[in-house]
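To keep things clear, I will list the structure first and then write my remarks on it.
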Amino acid sequence: MATEAGSKYSKPRAGASMPFVAWLDSQAAVPFSDFEIEVLSHEARRFHGEFMLWLGPSVKVAKASSQRCMVKACFFGAVHLGEIDGMTDEGVVVAADCLPFPSNSIDGLVLHHVLELGADPRAVLREVQRILKPGGRVVVCGFNSLSMWGF
C-alpha cells in the first residue's frame with residue numbers, strides 16, 4: 001500500500017519512528033523487548049471476543065505477545081510503510097488516526113508505542129473509541145515523554 005503526498009497517513013514525529021524500529025530489532029533492545037512481551041502477553045490473555053487489533057512497530061513483540069490471546073482473529077497493523085517488513089497475511093498498513101474498521105467492531109486493541117510516535121495522539125484515541133466495541137479492552141504501551149526513555 002503506497003502513500004501519496006498529502007494523504008491522511010499519520011507521519012512520525014520528527015522521524016522518530018524509524019530509528020525506534022531499528023533499535024527494537026537490535027541486540028541492545030532484547031531485554032526491553034523480552035520485558036514488554038512478558039507484560040503484554042499477560043494483558044493480551046484478558047482479551048475475549050471476535051477481533052483483536054495490534055498497532056505498533058514491532059512484529060516480533062506483537063506475535064510473541066498475542067499467542068495467548070483468547071480472540072478468534074488477530075490483526076497486526078503497522079502505522080508506517082517501513083514497519084511492514086516481516087508482516088504476514090494478517091498485517092495491514094493503516095493510518096492510526098483514520099482506522100479502516102467499522103464502528104464498534106474490535107473487541108481488543110493494543111497500542112504498542114503508537115501514541116508517542118504518531119503525529120496526533122488525540123486523533124488516535126478518538127479512533128480507538130470509535131472502533132472499540134462496548135466493553136472492549138485497550139492496552140496502551142508507551143514511554144513517559146518526561147523520563148530518560150522519552151529522549
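Naming works like this for the C-alpha cells: A, B, ... for the chains as they're shown, residue 1 at the start of each chain, ligands 1 onward in shown order.
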Fill in: A:Cys141 surroundings by only C-alpha atoms, 9 Å radius, close-in-sequence under 5 positions cut, as a PyMOL selection string
chain A and resi 36+40+110-115
Once you count only C-alpha atoms, what closest atom pair and distance in Å to one decimal does each residue of stretch 26-53 of chain A within 12 Å of stretch 91-101 of chain A have, with rows by chain and rising residue number, as JSON lines?
{"residue": "A:Phe51", "atom": "CA", "partner": "A:Phe101", "partner_atom": "CA", "distance": 10.9}
{"residue": "A:Met52", "atom": "CA", "partner": "A:Phe101", "partner_atom": "CA", "distance": 11.6}
{"residue": "A:Leu53", "atom": "CA", "partner": "A:Gly91", "partner_atom": "CA", "distance": 9.9}
Shell of 8 Å around A:Arg137, only C-alpha atoms, local chain residues under 5 positions omitted, as a PDB file with N, CA, C and O atoms, in the first residue's frame:
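The result, written out as result14.pdb:
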ATOM      1  N   PHE A  47      -8.048 -10.547  26.659  1.00  0.00           N
ATOM      2  CA  PHE A  47      -8.906 -10.191  25.537  1.00  0.00           C
ATOM      3  C   PHE A  47      -9.769 -11.384  25.157  1.00  0.00           C
ATOM      4  O   PHE A  47      -9.276 -12.494  25.001  1.00  0.00           O
ATOM      5  N   ASP A 107     -12.872  -6.010  19.556  1.00  0.00           N
ATOM      6  CA  ASP A 107     -13.038  -6.391  20.966  1.00  0.00           C
ATOM      7  C   ASP A 107     -11.835  -6.001  21.823  1.00  0.00           C
ATOM      8  O   ASP A 107     -11.975  -5.713  23.002  1.00  0.00           O
ATOM      9  N   GLY A 108     -10.646  -6.038  21.255  1.00  0.00           N
ATOM     10  CA  GLY A 108      -9.441  -5.702  21.995  1.00  0.00           C
ATOM     11  C   GLY A 108      -8.454  -4.986  21.099  1.00  0.00           C
ATOM     12  O   GLY A 108      -8.357  -5.278  19.901  1.00  0.00           O
ATOM     13  N   LEU A 109      -7.739  -4.037  21.665  1.00  0.00           N
ATOM     14  CA  LEU A 109      -6.809  -3.248  20.878  1.00  0.00           C
ATOM     15  C   LEU A 109      -5.559  -2.969  21.693  1.00  0.00           C
ATOM     16  O   LEU A 109      -5.654  -2.612  22.867  1.00  0.00           O
ATOM     17  N   LEU A 132     -13.807   0.517  18.981  1.00  0.00           N
ATOM     18  CA  LEU A 132     -13.880  -0.438  20.082  1.00  0.00           C
ATOM     19  C   LEU A 132     -15.332  -0.755  20.428  1.00  0.00           C
ATOM     20  O   LEU A 132     -16.164   0.141  20.539  1.00  0.00           O
TER      21      LEU A 132
END
Fill in: Distance of atom CA of A:Arg126 from atom CA of A:Ser41, expressed in Å to one decimal place
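If I compute the distance from atom CA of A:Ser41 to atom CA of A:Arg126, I get 25.1 Å.
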Worksheet item: Interatomic distance between atom CA of A:Ala119 and atom CA of A:Phe20?
Response: 15.1 Å
Discussion item. Would you compute the distance between atom CA of A:Lys72 and atom CA of A:Gly136? Give it in Å to one decimal.
Written reply: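 So the two atoms, atom CA of A:Lys72 and atom CA of A:Gly136, lie 14.3 Å apart.
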Worksheet item: Which polymer residues have any atom within 7 Å of an atom of A:Ser58, counting only C-alpha atoms, with same-chain residues fewer than 3 positions away left out, as JSON, numbers by chain?
Response: {"A": [21, 61, 62]}
Worksheet entry | Who sits within 9 Å of A:Arg45, only C-alpha atoms, same chain under 4 positions skipped, as a ChimeraX atom specification | /A:40-41,65-71
Discussion item. Run DSSP on the backbone and tell me which residues of stretch 50-147 of chain A come out as helix (DSSP H, G or I); list them as an MDAnalysis selection string.
Written reply: chainID A and resid 59:65 81:83 121:131
Item to complete: Run DSSP on the backbone of this structure and report the residues of stretch 20-122 of chain A it assigns to strand (DSSP E), as a ChimeraX atom specification.
Response: /A:48-55,70-78,91-93,106-112
